[in-house]
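Since the structure comes first, as structure tokens, the remarks are kept for the end.
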Amino acid sequence: MRLSKEQIKKMSESYGKAKTQQVAERAVKKNGILQSAEDVDVLKELSPANFAFTIDLDKEAVANQKMSGRCWMFACLNTLRFHIEKELDLPKGTFELSQAYLAFYNKLERAAWFMDHIVKTADKDLDDREVNWLISAPMQDGGDWDMICALVKKYGVVPHQAMSETHCTNNTAELNTVLSNLLRQDAIKLRSMAREGKDTTDTQLEMLNDVYRVLAVCFGEPPEKFSFQYEDAKGNYHADFDITPLEFYKKYVNIDLDDYIGVINVPGANRPYMRMYTIQDSDQIPERENLYLNVPMPDLKDLVIKMLKAGEPIWFGSDVLQHCDRMAGVMAKDLFDTDEMFGITMDMDKEQRYDMKDSLPTHAMVIAGVDLGADGKPTKWKIENSWGTENGGKKTGNNGYFVCDDWWFDNFVYEVAIRKDLLTSEQQAVLGTEPIVWPFWNSFNPVLSA
């Protein structure tokens, strides 16, 4: 439609009668939307003073991914850290696994994956949807549960001191730009060679050697062997010398990541529950397929509570910034009353928000506890984030831990990593069935997550 000045005048006249919004205008112009709409009573209800949970597993020191999209990696390593500390009786908060170590191999694997897919799609035009998708962002940080499991199983893990963070691991934008530029240049040559019917294997290895060199300059080279020395909670000294990352993983991580499956809640008539799903072009780490079991939210929460009762914190994917006060570390339904402030109504449900890309799984964290009411139903959840304990010199959450109410959990939690033996017999029967394949542009594609 063409907007006329007469129509705009009527809008202005309507606003002139909206006295509530005119009062809100003064507050918003001075303080912004969310601060003006925030309900302090909701904050108070979920504040650190009420930070108590029926089941509370994890009190580790919160890590900080800083300006990188490695949340999926941090969340998994935080769950592994929990098991290592418990197994070795380490003092709480004294141990951390190296995120830089796996980030190095993740980017090298991503580069190899990109080159393979460029060759596979060489017969397609540059404006083909898949080719355009590939070259739009060749190097990103995002990932998912199965991807980090594949990296850990292939490369092992190392303590933080064996490969520490660098400026480029903490802030990946510059590196991603350099690698994306390099990979796009490589794509031109690879597409040309493939179209001429030439074998690109040796050329790809030469190109990957360049990628390795860039990563080594930015991250340092990953250690092949290292020494692990520590004191347990009783003050006893222990040492393990010249151990490889895979040996460390097999010796000190007392869980098998193959025993876990991504359980999701993505409602929709075209996304039936009790079915397995996978995603085209999501094989960034080819050793493990990204697989998802879609279940109703009550079933997902039952599995989460089972796992917490079994003594395990849970990796999960969510849309973290929805209804979220990042500084307070609170995520709740009535936290911001923007409807009343603007005189509008926002009433999309989870399915509609997902379909319209209003809410997507964009961030991974750890479920560290739950508070159960008298009826045994969850009222709030304890969340271990990876955004550190302060922001701009001000404290974030409860020592970096967040809390969400049960409504937020229902609406903005999309995926949890659950031990397969905790699934019901009906759910376990679905695991071996042929997965429905979502297209590469699906919002659940791990390469799109941060």
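Ligands are numbered from 1 in the order shown, residues from 1 within each chain, and chains are lettered A, B, ... in the order they appear in the structure tokens.
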Next item on the list: Compile the contact shell of range 240-252 of chain A as a ChimeraX atom specification: residues with an atom at most 10 Å away, counting only C-alpha atoms, same-chain residues fewer than 3 positions apart removed.
Entry: /A:80-81,83-85,87-88,101,152-159,162,222-230,255-256
Next item on the list: Looking only at helix (DSSP H, G or I) from DSSP on the backbone, list the matching residues of range 81-151 of chain A as a ChimeraX atom specification.
Entry: /A:81-88,99-120,129-136,145-151
Check: If you count only C-alpha atoms, which residues fall within 9 Å of range 274-281 of chain A, apart from same-chain ones fewer than 5 positions away, as a count of residues only?
Finding: 27
Item checked: Exercise: Met331 in chain A partners within 9 Å, only C-alpha atoms, chain neighbours under 6 positions left out, as a PyMOL selection string -> chain A and resi 46+320-325+402-405+408-409
Item checked: strand (DSSP E) call set, DSSP backbone run, range 108-299 of chain A, as an MDAnalysis selection string -> chainID A and resid 226:231 237:243 260:264 275:279 292:294
Notebook entry, point to check: Looking at A:Ile33, A:Ile118, A:Val211, A:Met11, which one is nearest to Thr338 in chain A, with distances taken over only C-alpha atoms?
Noted result: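 Smallest distance to Thr338 in chain A is found for A:Ile33.
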Note to self: Can you pull out the residues contacting range 74-78 of chain A? Cut-off 8 Å, using only C-alpha atoms, and skip same-chain residues under 6 positions away; I want them as a list in words.
What the structure shows: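 Contacts, with the query itself left out: Ala63, Gln65, Glu96, Leu97, Gln99, Trp145, Ile148, Trp315, Phe316, Ala364, Met365, Val366, Asn385 and Ser386 of chain A.
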Go ahead and dump the residues you just picked, C-alpha atoms, as a compact mmCIF listing (two decimals), in the first residue's frame.
# COMPACT_ATOMS: atom_id res chain seq x y z
CA ALA A 63 33.86 -19.42 32.17
CA GLN A 65 33.66 -17.00 25.93
CA GLU A 96 38.98 -25.65 33.40
CA LEU A 97 39.37 -27.38 30.03
CA GLN A 99 38.41 -24.12 24.69
CA TRP A 145 26.05 -30.92 20.61
CA ILE A 148 31.51 -30.85 19.89
CA TRP A 315 24.12 -29.09 27.88
CA PHE A 316 21.24 -27.20 26.24
CA ALA A 364 24.18 -23.02 24.41
CA MET A 365 24.51 -23.12 28.20
CA VAL A 366 24.32 -25.69 31.02
CA ASN A 385 26.28 -19.40 31.31
CA SER A 386 29.65 -18.68 29.67
I want to know what sits within 6 Å of Asp144 in chain A, based on only C-alpha atoms, with residues of the same chain fewer than 2 positions away left out; could you give that as a PDB file with N, CA, C and O atoms, in the first residue's frame?
ATOM      1  N   TRP A  72      28.552 -23.281  22.419  1.00  0.00           N
ATOM      2  CA  TRP A  72      28.284 -24.722  22.328  1.00  0.00           C
ATOM      3  C   TRP A  72      29.480 -25.535  22.812  1.00  0.00           C
ATOM      4  O   TRP A  72      29.327 -26.591  23.414  1.00  0.00           O
ATOM      5  N   ASP A 146      26.304 -32.525  18.791  1.00  0.00           N
ATOM      6  CA  ASP A 146      26.990 -33.616  18.099  1.00  0.00           C
ATOM      7  C   ASP A 146      28.337 -33.175  17.545  1.00  0.00           C
ATOM      8  O   ASP A 146      29.286 -33.975  17.484  1.00  0.00           O
ATOM      9  N   MET A 147      28.445 -31.924  17.137  1.00  0.00           N
ATOM     10  CA  MET A 147      29.714 -31.422  16.598  1.00  0.00           C
ATOM     11  C   MET A 147      30.809 -31.402  17.662  1.00  0.00           C
ATOM     12  O   MET A 147      31.942 -31.830  17.417  1.00  0.00           O
ATOM     13  N   PRO A 446      23.528 -26.216  12.594  1.00  0.00           N
ATOM     14  CA  PRO A 446      24.494 -25.786  13.603  1.00  0.00           C
ATOM     15  C   PRO A 446      25.403 -24.646  13.154  1.00  0.00           C
ATOM     16  O   PRO A 446      25.864 -23.856  13.974  1.00  0.00           O
TER      17      PRO A 446
END
Next item on the list: Measuring atom to atom with only C-alpha atoms, identify which of A:Gly32, A:Pro272, A:Gly16, A:Pro286 is nearest to Ala112 in chain A.
Entry: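 Smallest distance to Ala112 in chain A is found for A:Pro286.
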Checklist line | Nearest to Asn176 in chain A, chosen from A:Glu60, A:Asp337, A:Asp210, A:Asp141, with only C-alpha atoms counted in the distances | finding: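 Checking each of A:Glu60, A:Asp337, A:Asp210, A:Asp141 against Asn176 in chain A, counting only C-alpha atoms, the winner is A:Asp141.
Minimum distance to Asn181 in chain A across A:Ser164, A:Thr200, A:Ser136, A:Ser68 (counting only C-alpha atoms) occurs at A:Ser136.
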